[in-house]
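**Student:** Input structure: my_file-v3.txt, which contains compact mmCIF, C-alpha atoms.
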# COMPACT_ATOMS: atom_id res chain seq x y z
CA MET A 163 -38.87 55.17 16.00
CA PHE A 164 -39.69 58.74 16.97
CA GLY A 165 -43.31 57.71 17.57
CA LEU A 166 -42.32 54.61 19.52
CA LEU A 167 -40.27 56.73 21.91
CA GLU A 168 -43.18 59.08 22.52
CA ASP A 169 -45.61 56.17 22.94
CA ALA A 170 -43.35 54.66 25.60
CA GLY A 171 -43.49 57.89 27.61
CA PHE A 172 -40.25 59.58 26.61
CA GLN A 173 -40.27 63.36 26.48
CA ARG A 174 -38.16 65.90 24.60
CA VAL A 175 -37.60 63.43 21.77
CA LYS A 176 -35.19 64.86 19.23
CA SER A 177 -33.60 63.40 16.14
CA ALA A 178 -31.02 64.46 13.60
CA VAL A 179 -29.55 62.77 10.56
CA VAL A 180 -26.05 61.37 11.06
CA PRO A 181 -23.86 63.09 8.50
CA GLY A 182 -21.42 60.83 6.74
CA PHE A 183 -23.30 57.58 7.07
CA ARG A 184 -23.37 55.47 3.95
CA PHE A 185 -23.07 51.85 3.00
CA ARG A 186 -19.75 50.66 1.68
CA GLN A 187 -21.06 49.14 -1.53
CA GLN A 188 -22.68 51.50 -4.01
CA SER A 189 -25.36 48.97 -4.91
CA THR A 190 -26.39 48.69 -1.26
CA GLN A 191 -26.31 52.46 -0.92
CA ASN A 192 -28.56 52.83 -3.97
CA SER A 193 -31.08 50.36 -2.52
CA ALA A 194 -30.93 52.13 0.83
CA GLU A 195 -31.64 55.48 -0.79
CA ALA A 196 -34.60 53.99 -2.65
CA TYR A 197 -36.12 53.01 0.69
CA GLY A 198 -35.20 56.27 2.40
CA VAL A 199 -32.80 54.47 4.71
CA LYS A 200 -30.63 56.77 6.80
CA ALA A 201 -28.78 56.86 10.08
CA VAL A 202 -30.20 59.11 12.76
CA MET A 203 -29.22 60.24 16.22
CA MET A 204 -32.04 60.32 18.74
CA THR A 205 -32.13 61.74 22.23
CA ALA A 206 -35.02 61.65 24.68
CA GLU A 207 -35.70 61.86 28.40
CA LYS A 208 -37.70 59.77 30.83
CA PRO A 209 -39.81 62.14 32.93
CA ALA A 210 -38.64 62.72 36.47
CA GLU A 211 -40.96 61.55 39.19
CA ASP A 212 -43.18 64.21 40.78
CA MET B 83 -47.74 27.55 12.19
CA ASP B 84 -49.39 30.87 13.12
CA SER B 85 -47.85 34.31 12.62
CA ALA B 86 -46.45 34.43 16.18
CA ASP B 87 -44.71 31.10 15.61
CA ASN B 88 -43.42 32.35 12.28
CA GLN B 89 -42.01 35.49 13.90
CA ALA B 90 -40.39 33.48 16.69
CA ALA B 91 -38.78 31.17 14.15
CA LEU B 92 -37.55 34.10 12.10
CA GLU B 93 -36.19 35.82 15.22
CA ALA B 94 -34.25 32.67 16.13
CA VAL B 95 -32.68 32.56 12.67
CA LEU B 96 -31.98 36.28 12.82
CA LYS B 97 -30.28 35.93 16.21
CA ASP B 98 -27.92 33.34 14.75
CA GLU B 99 -27.21 35.52 11.73
CA ILE B 100 -26.54 38.62 13.86
CA ILE B 101 -24.15 36.66 16.10
CA ARG B 102 -22.40 35.23 13.04
CA MET B 103 -22.04 38.58 11.30
CA TYR B 104 -20.72 40.54 14.27
CA GLU B 105 -18.37 37.72 15.26
CA GLU B 106 -17.05 37.90 11.71
CA VAL B 107 -16.41 41.62 12.14
CA ALA B 108 -14.69 41.01 15.48
CA GLU B 109 -12.59 38.08 14.32
CA HIS B 110 -11.82 39.29 10.81
CA PRO B 111 -12.08 43.08 10.81
CA GLU B 112 -10.05 43.20 7.61
CA GLY B 113 -13.00 41.63 5.78
CA GLU B 114 -15.42 43.35 3.43
CA PHE B 115 -18.84 44.14 4.85
CA HIS B 116 -21.89 46.09 3.71
CA PHE B 117 -21.02 48.80 6.21
CA PHE B 118 -17.91 50.78 7.05
CA HIS B 119 -16.36 49.62 10.30
CA GLY B 120 -13.29 50.02 12.45
CA ARG B 121 -11.32 53.21 12.90
CA ASP B 122 -12.34 54.64 9.53
CA ALA B 123 -16.00 54.44 10.48
CA ALA B 124 -15.45 55.83 13.99
CA GLU B 125 -13.48 58.80 12.64
CA ARG B 126 -16.14 59.37 10.00
CA PHE B 127 -18.68 59.76 12.82
CA GLY B 128 -16.54 62.15 14.83
CA TYR B 129 -14.99 59.94 17.52
CA ASP B 130 -12.03 61.77 19.04
CA ALA B 131 -8.65 60.43 17.92
CA GLU B 132 -7.66 60.32 21.60
CA TRP B 133 -10.53 57.95 22.42
CA LEU B 134 -9.47 55.64 19.61
CA ASP B 135 -5.76 55.84 20.39
CA GLU B 136 -6.34 54.84 24.01
CA ALA B 137 -8.80 52.01 23.30
CA PRO B 138 -7.49 48.50 22.56
CA ALA B 139 -6.92 47.94 18.85
CA GLY B 140 -9.36 45.03 18.83
CA ALA B 141 -12.19 47.17 20.17
CA VAL B 142 -11.54 49.87 17.57
CA ALA B 143 -11.15 47.43 14.66
CA SER B 144 -14.45 45.74 15.54
CA PHE B 145 -16.44 48.96 15.77
CA ALA B 146 -19.56 48.60 13.63
CA GLY B 147 -21.68 51.56 14.70
CA VAL B 148 -23.68 53.89 12.49
CA GLY B 149 -22.99 57.16 14.30
CA ASN B 150 -21.66 58.67 17.50
CA PRO B 151 -24.00 58.37 20.50
CA HIS B 152 -21.47 60.21 22.68
CA GLU B 153 -21.96 63.40 20.70
CA ARG B 154 -25.11 64.24 22.66
CA SER B 155 -25.03 61.84 25.61
CA ASN B 156 -23.66 64.52 27.97
CA LEU B 157 -22.33 61.83 30.32
CA GLN B 158 -21.35 63.04 33.75
CA THR B 159 -18.94 61.74 36.38
CA GLY B 160 -20.54 59.06 38.53
CA GLU B 161 -23.42 58.22 36.19
CA THR B 162 -24.55 54.69 35.33
CA VAL B 163 -24.56 54.01 31.59
CA LEU B 164 -26.11 51.09 29.78
CA ASP B 165 -24.73 50.29 26.32
CA LEU B 166 -27.39 48.29 24.56
CA GLY B 167 -25.71 45.96 22.07
CA SER B 168 -22.25 46.59 23.41
CA GLY B 169 -20.36 44.41 20.93
CA ALA B 170 -16.59 44.48 21.31
CA GLY B 171 -16.87 47.35 23.77
CA LEU B 172 -15.64 50.55 22.12
CA ASP B 173 -18.67 52.65 23.09
CA ALA B 174 -18.61 51.28 26.64
CA ILE B 175 -14.92 52.16 26.92
CA VAL B 176 -15.58 55.69 25.67
CA ALA B 177 -18.48 56.00 28.13
CA ALA B 178 -16.19 54.88 30.96
CA ARG B 179 -13.90 57.83 30.21
CA PHE B 180 -16.77 60.21 30.89
CA VAL B 181 -18.34 58.61 33.97
CA GLY B 182 -14.99 57.85 35.61
CA PRO B 183 -14.24 55.39 38.40
CA MET B 184 -17.26 56.53 40.42
CA GLY B 185 -19.53 55.69 37.51
CA ARG B 186 -20.77 52.36 36.26
CA VAL B 187 -20.80 51.02 32.69
CA ILE B 188 -23.04 48.10 31.84
CA GLY B 189 -23.15 46.33 28.51
CA VAL B 190 -25.83 44.01 27.21
CA ASP B 191 -25.17 41.84 24.19
CA LEU B 192 -26.84 38.91 22.50
CA ASN B 193 -23.53 37.13 22.24
CA PRO B 194 -21.81 35.95 25.45
CA SER B 195 -18.43 35.67 23.74
CA MET B 196 -18.71 39.32 22.70
CA CYS B 197 -19.36 40.21 26.33
CA ILE B 198 -16.15 38.44 27.34
CA LYS B 199 -14.26 40.28 24.62
CA ALA B 200 -15.71 43.67 25.62
CA GLN B 201 -14.84 43.14 29.28
CA ALA B 202 -11.29 42.17 28.34
CA HIS B 203 -10.98 45.29 26.19
CA ALA B 204 -12.28 47.45 29.03
CA ALA B 205 -9.90 45.83 31.51
CA ALA B 206 -7.00 46.55 29.16
CA THR B 207 -7.79 50.25 29.47
CA GLY B 208 -7.90 50.01 33.25
CA THR B 209 -11.67 50.36 33.46
CA THR B 210 -14.35 47.99 34.62
CA MET B 211 -17.37 47.08 32.57
CA GLU B 212 -20.16 44.71 33.48
CA CYS B 213 -21.60 42.84 30.55
CA HIS B 214 -24.73 40.75 30.53
CA GLU B 215 -25.80 38.32 27.85
CA GLY B 216 -29.32 39.16 26.88
CA ARG B 217 -31.83 40.42 24.38
CA MET B 218 -32.66 44.08 24.09
CA GLU B 219 -36.35 43.08 24.11
CA GLU B 220 -35.87 41.66 27.63
CA ILE B 221 -33.02 43.69 29.12
CA PRO B 222 -31.59 41.64 32.00
CA LEU B 223 -31.54 44.52 34.47
CA PRO B 224 -33.89 45.77 37.19
CA ASP B 225 -36.14 48.78 36.76
CA SER B 226 -34.54 52.22 37.16
CA THR B 227 -30.94 51.05 36.82
CA ALA B 228 -29.37 53.52 34.41
CA ASP B 229 -28.99 57.27 34.17
CA VAL B 230 -28.28 56.98 30.46
CA VAL B 231 -28.86 54.40 27.76
CA ILE B 232 -26.63 54.55 24.72
CA SER B 233 -26.89 52.33 21.67
CA ASN B 234 -25.26 52.34 18.28
CA GLY B 235 -26.84 50.64 15.31
CA VAL B 236 -28.53 47.68 16.94
CA ILE B 237 -32.19 48.54 17.61
CA ASN B 238 -32.91 48.34 13.89
CA LEU B 239 -32.02 44.65 14.09
CA SER B 240 -35.02 43.88 16.28
CA PHE B 241 -38.39 42.75 14.95
CA ARG B 242 -39.91 44.11 18.18
CA LYS B 243 -38.70 47.69 18.34
CA ARG B 244 -41.66 48.83 20.45
CA LYS B 245 -40.64 46.31 23.12
CA VAL B 246 -37.03 47.48 22.95
CA VAL B 247 -38.09 51.08 23.49
CA GLU B 248 -40.34 50.08 26.40
CA GLU B 249 -37.44 48.20 27.95
CA MET B 250 -35.12 51.20 27.64
CA PHE B 251 -37.77 53.28 29.40
CA ARG B 252 -38.13 50.67 32.16
CA VAL B 253 -34.43 50.40 32.99
CA LEU B 254 -33.87 54.16 33.01
CA LYS B 255 -34.07 56.02 36.28
CA PRO B 256 -36.70 58.77 36.43
CA GLY B 257 -35.15 61.78 34.73
CA GLY B 258 -32.78 59.51 32.81
CA ARG B 259 -32.06 59.88 29.12
CA ILE B 260 -31.16 58.05 25.96
CA SER B 261 -28.64 58.90 23.27
CA ILE B 262 -28.86 56.44 20.43
CA THR B 263 -27.81 56.25 16.83
CA ASP B 264 -29.54 53.86 14.51
CA ILE B 265 -30.81 53.13 11.04
CA VAL B 266 -34.33 54.09 10.08
CA SER B 267 -36.28 53.63 6.88
CA ALA B 268 -38.77 56.11 5.45
CA LYS B 269 -40.56 53.33 3.57
CA GLN B 270 -41.75 49.88 4.57
CA LEU B 271 -39.07 47.39 3.60
CA SER B 272 -40.16 44.73 1.15
CA GLN B 273 -41.20 41.35 2.53
CA SER B 274 -38.25 39.76 0.73
CA ILE B 275 -35.88 41.86 2.85
CA VAL B 276 -37.83 41.37 6.07
CA ASN B 277 -37.85 37.60 5.58
CA ASP B 278 -34.16 37.37 4.72
CA PRO B 279 -32.04 37.27 7.90
CA LYS B 280 -28.85 38.07 6.02
CA LEU B 281 -30.30 41.26 4.52
CA TRP B 282 -32.04 42.22 7.77
CA ALA B 283 -28.86 41.77 9.77
CA ALA B 284 -26.91 43.86 7.26
Once you've parsed the file, please lay out its structure as structure tokens.
**Tutor:**
Amino acid sequence: MFGLLEDAGFQRVKSAVVPGFRFRQQSTQNSAEAYGVKAVMMTAEKPAED
Amino acid sequence: MDSADNQAALEAVLKDEIIRMYEEVAEHPEGEFHFFHGRDAAERFGYDAEWLDEAPAGAVASFAGVGNPHERSNLQTGETVLDLGSGAGLDAIVAARFVGPMGRVIGVDLNPSMCIKAQAHAAATGTTMECHEGRMEEIPLPDSTADVVISNGVINLSFRKRKVVEEMFRVLKPGGRISITDIVSAKQLSQSIVNDPKLWAA
């Protein structure tokens, strides 16, 4: 996602993991962890026109 | 059937599954889902109690986000905000608090009945929200419409994330910004998950 934002032209792309996110069911959470699934917050800016 | 046809067919099935799942959350928020939802989830992600107390109970109970896009959105009075995947409207209602009556809040959702629900919830708080039925891959808005795009846990549902990102860029005004929360995966999901609309939508 980070790369997609930069490819589209966004600048100052920043991301941070969302603390506290987890799936309700432990089995789903275990599968998610196996795939490195996490919730992230992303901010970015569209450049201003010259 | 070629791969483009296969993807289109899978997207159509996924659309139906997404609509079904989020309608289920909205209509039966007491149900058990893969994800935390409602007030518990919103509080977990740091939504102010005041925001939740002042929003209609239905909007709060149907909340199915994965974080708090308002934490870093820095919304200002008078700005135009687009909530991509606005659902039952909680994030749009919170955004309306920040941009005030001189601002503009626009929702886009795949499900027209969810748009109606979100607008009713916004009206109950004394705010106005536009809501357009549409796909995030083809946002039904002109270029350079929004100062800010917020989104909470929906972009991951798209098979065409690059297109979604390009669309967010298109509808933002120059100098505009995004503040989104979403699910990402460090590893490629297995084909069995990708091809299963129920798992993908979850």
**Student:** Provide the CA of Asn156 in chain B to CA of Ala131 in chain B distance in Å, to one decimal place.
**Tutor:**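 Straight-line distance from CA of Asn156 in chain B to CA of Ala131 in chain B works out to 18.5 Å.
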**Student:** Which value, in Å to one decimal, gives the distance between CA of Arg102 in chain B and CA of Gly171 in chain B?
**Tutor:** 17.1 Å
**Student:** Go through chain A residue by residue and, counting only C-alpha atoms, keep those with an atom at most 6 Å from chain B; for each kept residue give the shortest atom pair and its distance in Å to one decimal, ordered by chain and increasing number, as a tab-separated table.
**Tutor:**
residue	atom	partner	partner_atom	distance
A:Leu166	CA	B:Arg244	CA	5.9
A:Ala170	CA	B:Glu248	CA	5.5
A:Phe185	CA	B:Phe117	CA	4.9
A:Arg186	CA	B:Phe117	CA	5.1
A:Tyr197	CA	B:Lys269	CA	5.3
A:Gly198	CA	B:Ala268	CA	4.7
A:Val199	CA	B:Ser267	CA	4.2
A:Lys200	CA	B:Ile265	CA	5.6
A:Ala201	CA	B:Ile265	CA	4.4
A:Val202	CA	B:Thr263	CA	5.5
A:Met203	CA	B:Thr263	CA	4.3
A:Met204	CA	B:Ile262	CA	5.3
A:Thr205	CA	B:Ser261	CA	4.6
A:Ala206	CA	B:Ile260	CA	5.4
A:Glu207	CA	B:Arg259	CA	4.2
A:Lys208	CA	B:Gly257	CA	5.1
A:Pro209	CA	B:Gly257	CA	5.0
A:Ala210	CA	B:Gly257	CA	4.0
A:Glu211	CA	B:Pro256	CA	5.8
**Student:** I'd like the contact shell of range 180-195 of chain B - 6 Å cut-off, only C-alpha atoms, skipping same-chain residues fewer than 3 positions apart - returned as a list in words.
**Tutor:** Leu157, Gln158, Thr159, Gly160, Glu161, Thr162, Val163, Leu164, Asp165, Leu166, Gly167, Ser168, Ala177, Ile198, Met211, Glu212, Cys213, His214, Glu215, Gly216 and Arg217 of chain B
**Student:** Please write as a PyMOL selection string the list of polymer residues whose atoms come within 12 Å of (-6.4, 45.5, 26.4), counting all atoms listed in the file and keeping to the coordinates of the file.
**Tutor:** chain B and resi 135-142+170-172+175+199-210
**Student:** Enclose range 163-178 of chain A, meaning all of its atoms listed in the file, in a box aligned along x, y and z, pad it by 6 Å on each side, and list the centre and edge lengths in Å to one decimal, as AutoDock Vina command-line options.
**Tutor:**
--center_x -38.3 --center_y 60.3 --center_z 20.6 --size_x 26.6 --size_y 23.3 --size_z 26.0
**Student:** Have a look at CA of Ala178 in chain A and CA of Arg242 in chain B and let me know their distance in Å, one decimal.
**Tutor:**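 Spanning CA of Ala178 in chain A to CA of Arg242 in chain B is a straight-line distance of 22.7 Å.
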